[in-house]
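Next comes data.cif, with mmCIF, C-alpha atoms.
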data_input
#
loop_
_atom_site.label_atom_id
_atom_site.label_comp_id
_atom_site.auth_asym_id
_atom_site.auth_seq_id
_atom_site.Cartn_x
_atom_site.Cartn_y
_atom_site.Cartn_z
CA MET Q 17 32.01 29.90 -9.11
CA THR Q 18 28.70 31.30 -7.86
CA THR Q 19 27.04 34.38 -9.27
CA LEU Q 20 27.85 36.29 -6.07
CA ASN Q 21 31.52 35.37 -6.27
CA ARG Q 22 31.71 36.43 -9.90
CA THR Q 23 30.05 39.75 -9.06
CA LEU Q 24 32.48 40.35 -6.21
CA GLU Q 25 35.38 39.46 -8.47
CA ARG Q 26 34.26 41.98 -11.11
CA ALA Q 27 33.77 44.63 -8.43
CA ASP Q 28 37.25 43.94 -7.09
CA ARG Q 29 38.76 44.32 -10.56
CA ALA Q 30 36.90 47.62 -10.99
CA VAL Q 31 38.28 48.90 -7.68
CA LYS Q 32 41.79 47.88 -8.70
CA ALA Q 33 41.48 49.84 -11.96
CA LEU Q 34 39.73 52.86 -10.38
CA SER Q 35 40.90 56.13 -11.94
CA PRO Q 36 42.68 58.54 -9.53
CA GLY Q 37 40.59 61.39 -10.98
CA TYR Q 38 37.11 59.93 -10.51
CA PHE Q 39 36.23 62.56 -7.87
CA ALA Q 40 35.77 64.85 -10.88
CA LEU Q 41 32.27 63.31 -10.94
CA VAL Q 42 31.64 64.92 -7.54
CA MET Q 43 33.17 68.19 -8.71
CA ALA Q 44 31.02 68.32 -11.85
CA THR Q 45 27.77 67.34 -10.12
CA GLY Q 46 28.40 69.69 -7.22
CA ILE Q 47 29.17 72.77 -9.30
CA VAL Q 48 26.16 72.25 -11.59
CA SER Q 49 24.07 71.94 -8.41
CA ILE Q 50 25.48 75.23 -7.09
CA GLY Q 51 24.85 76.93 -10.43
CA LEU Q 52 21.21 75.80 -10.54
CA THR Q 53 20.65 76.97 -6.96
CA GLU Q 54 22.19 80.38 -7.67
CA ALA Q 55 20.01 80.72 -10.77
CA GLY Q 56 16.89 80.12 -8.62
CA PHE Q 57 16.27 76.45 -9.50
CA ASP Q 58 16.34 75.17 -5.95
CA TRP Q 59 14.84 71.70 -6.33
CA PRO Q 60 17.02 70.54 -9.25
CA GLY Q 61 19.99 72.06 -7.46
CA ARG Q 62 19.21 70.22 -4.23
CA ALA Q 63 18.68 66.94 -6.13
CA LEU Q 64 22.10 67.19 -7.77
CA LEU Q 65 23.66 68.14 -4.43
CA VAL Q 66 22.28 64.92 -2.94
CA LEU Q 67 23.73 62.97 -5.88
CA ALA Q 68 27.09 64.70 -5.38
CA ALA Q 69 27.08 63.82 -1.67
CA ILE Q 70 26.19 60.18 -2.40
CA ALA Q 71 28.91 59.97 -5.06
CA TYR Q 72 31.35 61.51 -2.58
CA VAL Q 73 30.64 58.88 0.08
CA VAL Q 74 30.72 55.98 -2.39
CA LEU Q 75 33.97 57.11 -3.99
CA ALA Q 76 35.57 57.76 -0.61
CA ALA Q 77 34.78 54.16 0.35
CA LEU Q 78 36.07 52.78 -2.96
CA TYR Q 79 39.30 54.79 -2.78
CA SER Q 80 39.85 53.63 0.80
CA ILE Q 81 39.35 50.01 -0.24
CA ARG Q 82 41.73 50.46 -3.18
CA TRP Q 83 44.43 52.02 -1.02
CA PHE Q 84 44.11 49.14 1.45
CA ARG Q 85 43.91 46.26 -1.05
CA TYR Q 86 46.12 47.55 -3.85
CA PRO Q 87 48.85 49.80 -2.40
CA ALA Q 88 51.19 48.90 -5.26
CA GLU Q 89 48.73 50.26 -7.84
CA VAL Q 90 48.22 53.42 -5.77
CA MET Q 91 51.97 53.98 -5.53
CA SER Q 92 52.29 53.40 -9.27
CA ASP Q 93 49.66 56.10 -9.87
CA LEU Q 94 51.47 58.51 -7.55
CA ARG Q 95 54.70 58.09 -9.51
CA ASN Q 96 52.98 58.50 -12.87
CA PRO Q 97 52.88 62.14 -14.08
CA GLU Q 98 49.89 61.32 -16.29
CA GLN Q 99 47.81 60.00 -13.37
CA ALA Q 100 49.04 61.40 -10.05
CA PHE Q 101 47.51 64.87 -10.19
CA GLY Q 102 44.07 63.29 -10.59
CA TYR Q 103 44.15 62.69 -6.82
CA PHE Q 104 43.70 66.43 -6.31
CA THR Q 105 40.09 65.91 -7.43
CA ILE Q 106 39.55 64.56 -3.90
CA VAL Q 107 40.42 67.98 -2.47
CA ALA Q 108 38.38 69.85 -5.06
CA GLY Q 109 35.41 67.51 -4.67
CA THR Q 110 35.47 67.97 -0.91
CA GLY Q 111 35.54 71.75 -1.32
CA VAL Q 112 32.68 71.76 -3.83
CA VAL Q 113 30.43 69.64 -1.60
CA ALA Q 114 31.28 71.88 1.36
CA THR Q 115 30.29 74.97 -0.65
CA GLY Q 116 27.06 73.32 -1.79
CA LEU Q 117 26.04 72.57 1.80
CA LEU Q 118 26.53 76.17 3.00
CA ASP Q 119 22.94 77.23 2.28
CA THR Q 120 21.36 74.10 3.75
CA ALA Q 121 20.48 72.86 7.21
CA LEU Q 122 23.78 70.97 7.17
CA ALA Q 123 25.86 74.12 6.89
CA ILE Q 124 27.90 73.14 9.94
CA VAL Q 125 29.08 70.05 8.05
CA SER Q 126 30.73 72.46 5.61
CA VAL Q 127 33.16 73.51 8.32
CA ALA Q 128 34.28 69.91 8.88
CA LEU Q 129 34.59 69.31 5.13
CA VAL Q 130 36.67 72.47 4.63
CA VAL Q 131 38.98 71.38 7.46
CA LEU Q 132 39.29 67.97 5.77
CA ALA Q 133 39.96 69.65 2.40
CA ALA Q 134 42.68 71.79 4.00
CA LEU Q 135 44.39 68.73 5.49
CA LEU Q 136 44.19 66.82 2.20
CA TRP Q 137 45.44 69.85 0.28
CA PHE Q 138 48.41 70.22 2.61
CA VAL Q 139 49.37 66.53 2.51
CA LEU Q 140 48.78 65.90 -1.20
CA GLY Q 141 50.20 69.30 -2.16
CA TYR Q 142 53.62 68.15 -0.99
CA ALA Q 143 53.35 64.37 -1.41
CA ILE Q 144 52.22 64.21 -5.04
CA PRO Q 145 54.87 66.59 -6.47
CA TRP Q 146 57.49 64.70 -4.46
CA PHE Q 147 56.45 61.34 -5.90
CA VAL Q 148 56.13 62.70 -9.44
CA LEU Q 149 59.37 64.66 -9.50
CA MET Q 150 61.63 62.77 -7.07
CA GLN Q 151 60.25 59.21 -6.96
CA ARG Q 152 58.96 58.95 -10.52
CA ASP Q 153 58.96 55.83 -12.64
CA GLY Q 154 62.11 56.87 -14.53
CA LYS Q 155 60.46 58.06 -17.73
CA PRO Q 156 60.68 61.68 -19.03
CA ILE Q 157 58.16 64.04 -17.45
CA LEU Q 158 57.66 66.90 -19.91
CA GLU Q 159 56.08 64.75 -22.60
CA ARG Q 160 53.66 63.33 -20.00
CA THR Q 161 52.32 66.61 -18.63
CA ASN Q 162 48.63 66.98 -19.42
CA GLY Q 163 45.44 68.74 -18.42
CA THR Q 164 45.14 66.87 -15.12
CA TRP Q 165 48.02 68.95 -13.75
CA PHE Q 166 45.68 71.96 -13.64
CA VAL Q 167 43.62 70.14 -11.00
CA TRP Q 168 46.42 71.01 -8.56
CA SER Q 169 45.52 74.67 -9.05
CA VAL Q 170 41.79 73.89 -8.87
CA ALA Q 171 42.28 72.13 -5.53
CA SER Q 172 43.95 75.23 -4.07
CA GLN Q 173 41.20 77.51 -5.34
CA SER Q 174 38.43 75.18 -4.14
CA LEU Q 175 39.90 75.43 -0.65
CA ALA Q 176 39.87 79.23 -0.93
CA VAL Q 177 36.19 79.11 -1.99
CA GLY Q 178 35.34 76.88 0.96
CA LEU Q 179 37.23 79.05 3.45
CA ALA Q 180 35.51 82.22 2.24
CA GLY Q 181 32.17 80.43 2.51
CA ILE Q 182 32.54 79.19 6.10
CA GLU Q 183 34.01 82.43 7.46
CA PRO Q 184 30.60 83.79 8.60
CA LEU Q 185 29.97 80.49 10.42
CA VAL Q 186 33.18 80.79 12.46
CA PRO Q 187 33.60 84.54 13.10
CA SER Q 188 36.01 83.95 15.98
CA ALA Q 189 38.52 82.48 13.53
CA SER Q 190 38.08 85.09 10.80
CA VAL Q 191 41.71 86.25 10.96
CA LEU Q 192 43.06 82.71 10.48
CA ILE Q 193 40.48 81.85 7.83
CA GLY Q 194 41.21 85.05 5.92
CA MET Q 195 44.94 84.35 5.96
CA LEU Q 196 44.45 80.76 4.74
CA ALA Q 197 42.00 81.85 2.04
CA VAL Q 198 44.42 84.40 0.61
CA LEU Q 199 47.28 81.90 0.87
CA SER Q 200 45.45 79.12 -0.98
CA TRP Q 201 44.16 81.54 -3.63
CA SER Q 202 47.68 82.88 -4.22
CA VAL Q 203 49.19 79.39 -4.39
CA GLY Q 204 46.49 78.31 -6.85
CA ALA Q 205 47.08 81.33 -9.10
CA LEU Q 206 50.85 80.83 -9.18
CA LEU Q 207 50.50 77.09 -9.72
CA TYR Q 208 48.27 77.81 -12.71
CA ALA Q 209 50.93 80.02 -14.26
CA GLY Q 210 53.67 77.44 -13.73
CA ILE Q 211 51.62 74.53 -15.06
CA ALA Q 212 50.54 76.56 -18.08
CA VAL Q 213 54.20 77.17 -18.94
CA LEU Q 214 54.93 73.43 -18.72
CA ILE Q 215 51.95 72.56 -20.94
CA ILE Q 216 52.98 75.16 -23.53
CA LEU Q 217 56.56 73.86 -23.53
CA ARG Q 218 55.28 70.32 -24.01
CA ILE Q 219 53.11 71.38 -26.98
CA VAL Q 220 55.82 73.54 -28.57
CA HIS Q 221 58.64 71.02 -28.24
CA LEU Q 222 56.84 67.70 -28.48
CA GLY Q 223 53.50 68.46 -30.10
CA LEU Q 224 50.06 67.17 -29.17
CA THR Q 225 48.27 64.47 -31.11
CA PRO Q 226 44.47 64.23 -31.36
CA GLU Q 227 44.59 61.14 -29.14
CA GLN Q 228 46.47 63.07 -26.47
CA PHE Q 229 44.02 65.98 -26.40
CA GLN Q 230 41.67 64.52 -23.81
CA PRO Q 231 38.80 66.14 -21.83
CA PRO Q 232 40.95 67.08 -18.78
CA TYR Q 233 42.54 69.83 -20.89
CA TRP Q 234 39.29 71.73 -20.27
CA VAL Q 235 40.48 72.14 -16.68
CA SER Q 236 42.80 74.84 -18.02
CA MET Q 237 39.68 76.98 -18.36
CA GLY Q 238 38.00 75.67 -15.20
CA ALA Q 239 41.03 76.58 -13.07
CA LEU Q 240 40.70 80.21 -14.16
CA ALA Q 241 36.96 80.19 -13.55
CA ILE Q 242 37.30 78.86 -10.01
CA SER Q 243 39.98 81.51 -9.38
CA VAL Q 244 37.30 84.08 -10.17
CA VAL Q 245 34.82 82.45 -7.76
CA ALA Q 246 37.45 82.24 -5.02
CA GLY Q 247 38.58 85.81 -5.62
CA THR Q 248 35.09 87.30 -5.43
CA GLY Q 249 34.52 85.31 -2.23
CA ILE Q 250 37.70 86.68 -0.63
CA VAL Q 251 36.86 90.26 -1.59
CA ASN Q 252 33.54 89.89 0.27
CA MET Q 253 35.11 88.45 3.44
CA SER Q 254 35.41 90.34 6.72
CA ALA Q 255 38.11 93.02 6.72
CA THR Q 256 40.99 91.17 8.38
CA PRO Q 257 44.61 92.30 7.88
CA MET Q 258 45.46 89.68 5.23
CA VAL Q 259 42.20 90.17 3.33
CA GLU Q 260 42.58 93.95 3.33
CA ALA Q 261 46.15 93.66 2.08
CA ALA Q 262 45.19 91.41 -0.82
CA ALA Q 263 41.64 92.52 -1.67
CA SER Q 264 42.52 95.22 -4.17
CA PHE Q 265 44.98 93.00 -6.01
CA ILE Q 266 42.63 89.99 -6.08
CA GLY Q 267 39.67 92.14 -7.09
CA GLY Q 268 41.67 93.52 -10.00
CA THR Q 269 42.83 90.13 -11.25
CA VAL Q 270 39.53 88.24 -11.24
CA VAL Q 271 38.24 90.21 -14.23
CA SER Q 272 41.40 89.35 -16.17
CA PHE Q 273 41.03 85.69 -15.20
CA TRP Q 274 37.43 85.67 -16.39
CA CYS Q 275 38.42 87.26 -19.69
CA PHE Q 276 41.19 84.71 -20.26
CA ALA Q 277 38.83 81.84 -19.40
CA SER Q 278 36.36 83.21 -21.96
CA TRP Q 279 39.11 83.42 -24.56
CA LEU Q 280 40.07 79.79 -23.97
CA ILE Q 281 36.58 78.39 -24.64
CA PRO Q 282 36.62 78.79 -28.47
CA MET Q 283 40.15 77.37 -28.55
CA LEU Q 284 39.10 74.29 -26.57
CA LEU Q 285 36.00 73.83 -28.73
CA GLY Q 286 38.17 74.06 -31.84
CA ALA Q 287 40.57 71.48 -30.43
CA GLY Q 288 37.62 69.19 -29.73
CA PHE Q 289 36.44 69.61 -33.34
CA TRP Q 290 39.95 68.79 -34.54
CA ARG Q 291 40.06 65.67 -32.34
CA HIS Q 292 36.63 64.18 -32.94
CA VAL Q 293 35.49 65.49 -36.34
CA LEU Q 294 38.62 66.03 -38.41
CA ASN Q 295 40.48 63.05 -36.97
CA GLY Q 296 37.50 60.80 -36.33
CA ILE Q 297 38.25 59.85 -32.73
CA PRO Q 298 34.98 58.49 -31.24
CA LEU Q 299 33.42 60.44 -28.40
CA ARG Q 300 33.08 57.69 -25.78
CA TYR Q 301 32.49 57.87 -22.06
CA SER Q 302 35.51 57.90 -19.79
CA PRO Q 303 35.99 59.20 -16.22
CA GLY Q 304 37.88 62.15 -17.70
CA MET Q 305 34.66 63.44 -19.28
CA TRP Q 306 33.62 64.80 -15.87
CA SER Q 307 36.71 67.00 -16.02
CA MET Q 308 35.07 68.73 -18.99
CA VAL Q 309 31.69 69.19 -17.29
CA PHE Q 310 33.22 70.80 -14.21
CA PRO Q 311 34.85 73.73 -16.09
CA LEU Q 312 31.60 74.43 -17.94
CA GLY Q 313 29.67 74.60 -14.67
CA MET Q 314 32.38 76.59 -12.96
CA PHE Q 315 32.50 79.16 -15.76
CA ALA Q 316 28.73 79.61 -15.41
CA VAL Q 317 28.99 80.15 -11.64
CA ALA Q 318 32.02 82.44 -12.03
CA SER Q 319 30.17 84.60 -14.56
CA MET Q 320 27.07 84.88 -12.39
CA ARG Q 321 29.05 85.84 -9.31
CA LEU Q 322 31.38 88.24 -11.11
CA GLY Q 323 28.43 89.95 -12.76
CA ARG Q 324 26.76 90.49 -9.41
CA VAL Q 325 29.85 91.58 -7.48
CA GLU Q 326 31.07 93.99 -10.17
CA ARG Q 327 27.51 95.03 -11.17
CA ILE Q 328 27.96 93.98 -14.81
CA PRO Q 329 24.57 92.51 -15.78
CA TRP Q 330 25.62 91.14 -19.18
CA ILE Q 331 28.30 88.96 -17.58
CA GLU Q 332 25.66 87.54 -15.25
CA VAL Q 333 23.44 86.84 -18.27
CA ILE Q 334 26.32 84.99 -19.92
CA GLY Q 335 26.68 82.89 -16.78
CA THR Q 336 22.99 82.04 -16.62
CA SER Q 337 22.97 81.09 -20.29
CA PHE Q 338 26.14 79.04 -19.96
CA LEU Q 339 24.62 77.15 -17.06
CA TRP Q 340 22.30 75.30 -19.44
CA ILE Q 341 25.26 74.17 -21.51
CA ALA Q 342 26.75 72.74 -18.32
CA VAL Q 343 23.46 71.03 -17.44
CA LEU Q 344 23.26 69.48 -20.90
CA ALA Q 345 26.87 68.32 -20.70
CA TRP Q 346 26.19 66.80 -17.28
CA LEU Q 347 23.15 64.91 -18.59
CA LEU Q 348 25.09 63.57 -21.59
CA VAL Q 349 28.06 62.41 -19.52
CA ALA Q 350 25.74 60.89 -16.88
CA ALA Q 351 23.98 59.00 -19.68
CA GLY Q 352 27.39 57.84 -20.89
CA LEU Q 353 28.24 56.58 -17.40
CA ILE Q 354 24.95 54.67 -17.14
CA GLY Q 355 25.43 53.23 -20.63
CA SER Q 356 28.98 52.17 -19.74
CA VAL Q 357 27.76 50.34 -16.63
CA ILE Q 358 25.01 48.61 -18.61
CA ARG Q 359 27.45 47.55 -21.36
CA ARG Q 360 29.82 46.10 -18.80
CA GLY Q 361 26.97 44.14 -17.25
CA VAL Q 362 25.89 42.81 -20.65
CA ASP Q 363 29.48 41.89 -21.59
CA ALA Q 364 29.95 40.10 -18.27
CA ARG Q 365 26.71 38.17 -18.73
CA GLU Q 366 27.64 37.17 -22.28
CA ALA Q 367 31.07 36.02 -21.11
CA ARG Q 368 29.43 33.99 -18.34
CA ASP Q 369 26.97 32.42 -20.79
CA ALA Q 370 29.85 31.56 -23.12
CA ARG Q 371 31.67 29.81 -20.27
CA VAL Q 372 28.53 27.87 -19.40
CA LYS Q 373 27.91 26.83 -22.99
CA ALA Q 374 31.51 25.77 -23.62
CA PRO Q 375 31.35 22.60 -21.45
CA ASP Q 376 27.96 21.73 -22.96
CA ALA Q 377 29.43 22.04 -26.46
CA ARG Q 378 32.36 19.81 -25.52
CA GLU Q 379 30.03 17.23 -24.05
CA ALA Q 380 27.86 17.28 -27.19
CA SER Q 381 30.94 16.85 -29.36
CA THR Q 382 32.10 13.90 -27.29
CA SER Q 383 28.67 12.27 -27.47
CA ALA Q 384 28.53 12.75 -31.24
CA ALA Q 385 31.96 11.16 -31.64
CA ALA Q 386 30.88 8.21 -29.53
CA ASP Q 387 27.72 7.72 -31.63
CA THR Q 388 29.60 7.56 -34.94
CA PRO Q 389 30.98 4.25 -36.26
CA GLY Q 390 34.36 3.65 -34.68
CA GLY Q 391 33.78 6.50 -32.29
CA ASP Q 392 33.82 4.24 -29.24
CA HIS Q 393 37.25 2.65 -28.85
CA ARG Q 394 36.58 0.76 -25.66
#

Same coordinates, now as structure tokens:
Amino acid sequence: MTTLNRTLERADRAVKALSPGYFALVMATGIVSIGLTEAGFDWPGRALLVLAAIAYVVLAALYSIRWFRYPAEVMSDLRNPEQAFGYFTIVAGTGVVATGLLDTALAIVSVALVVLAALLWFVLGYAIPWFVLMQRDGKPILERTNGTWFVWSVASQSLAVGLAGIEPLVPSASVLIGMLAVLSWSVGALLYAGIAVLIILRIVHLGLTPEQFQPPYWVSMGALAISVVAGTGIVNMSATPMVEAAASFIGGTVVSFWCFASWLIPMLLGAGFWRHVLNGIPLRYSPGMWSMVFPLGMFAVASMRLGRVERIPWIEVIGTSFLWIAVLAWLLVAAGLIGSVIRRGVDAREARDARVKAPDAREASTSAAADTPGGDHR
């Protein structure tokens, strides 16, 4: 087998095993980019936005290949309550990239991306729950609920953020956009409440081991933070009938959402300490790590926007300070990704060298046997 064939074979195996939630990389990179731009760091923000866009295109191609080559694996993911909701990262990633492009020369692309996000949200929003609840793999569901379920809520709120952002670009459709923004925000808020109840029931009745507390549980905080961003965006939209009807309610809830998100952060940090320090579980790179970076970046952006909209400077200061925690987390996880790729390359090369040396060793052993007295029986 040639080197090219071996490389293609490894790439094919990687595509087959691709995590449904890998678009969290786009979400995390995109929101840190938006946070840096809002804090006045335009060049770093633009650089990360380019990376997010590249990651988006690459992952879209890989997911398409996987769905075409390995439909059985895709269907297995869709029926698995522990994996299926990761596909909502596609919707959220699309919405985050669309929001990031709003203040660039490619702002018109945001409209197309928001339309795409809306279509994906509509299709996946019905298809995934159907597969998980009605076409599942036969195993109990409650004990398999986890933090990835909150991405369903995040997807709805990311659509609301995108719709609020593109409304000035399409003023002729402001009534429709306002209605859809309020609808997706409301769906996201109610989904959060329902999923939170399921997670609490799972923990109360079945417990949660340190191994089961994985990074996606941070999305429980990120879903609240993005609800704040979406809510402040809707409040600032043009005064259409649906927006006017919901503005006072949404404006009153976003502060409560921000407070609850803030309250969750120490709890999540404590759970991380319990998992990694007290129970000694190594902190290794996995695709789910991006689901921890995204909430950190989203909380920073939510705090900055809430502080400005409600004229509460200290909340804005919290957001700006928290942004650097998100940047550091992004750098660490990105380093973990690079290290993981390098390790896989080294392991593959060592395995290849071992295969090459094995025939040589057998030949040497045969030659040695032939050279010893009685070794040649011809």

> With all atoms listed in the file as the basis for distance, which of Q:Arg324, Q:Gly247, Q:Tyr38, Q:Arg62 is at the shortest distance from Ser302 (chain Q)?
Replying inline: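 Checking each candidate against Ser302 (chain Q), we get Q:Tyr38 as the closest.
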
>> Is it possible to get the residues within 9 Å of (44.3, 80.7, -20.2) (coordinates as in the file, counting all atoms listed in the file) written as a PyMOL selection string?
In response: chain Q and resi 208-209+212+236-237+239-240+273+275-280

Would you give me, as a Markdown table, each residue of region 41-91 of chain Q having an atom within 12 Å of an atom of region 174-186 of chain Q, along with its shortest atom pair and that distance in Å to one decimal, using all atoms listed in the file and sorting by chain and residue number?
| residue | atom | partner | partner_atom | distance |
| --- | --- | --- | --- | --- |
| Q:Met43 | CA | Q:Ser174 | CA | 9.9 |
| Q:Gly46 | CA | Q:Ser174 | CA | 11.8 |
| Q:Ile47 | CA | Q:Ser174 | CA | 10.9 |

> Which of these, Q:Val235, Q:Ala189, Q:Val251, Q:Val203, has the shortest distance to Glu326 (chain Q) once you count all atoms listed in the file?
Replying inline: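 Looking at the shortest contact to Glu326 (chain Q), the residue is Q:Val251.
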
>> For the provided coordinates, the residues matched by the PyMOL selection byres ((chain Q and resi 258-269) around 8) should be stated as a VMD selection string.
In response: chain Q and resid 191 194 to 195 198 247 to 248 250 to 251 253 to 257 270 to 273
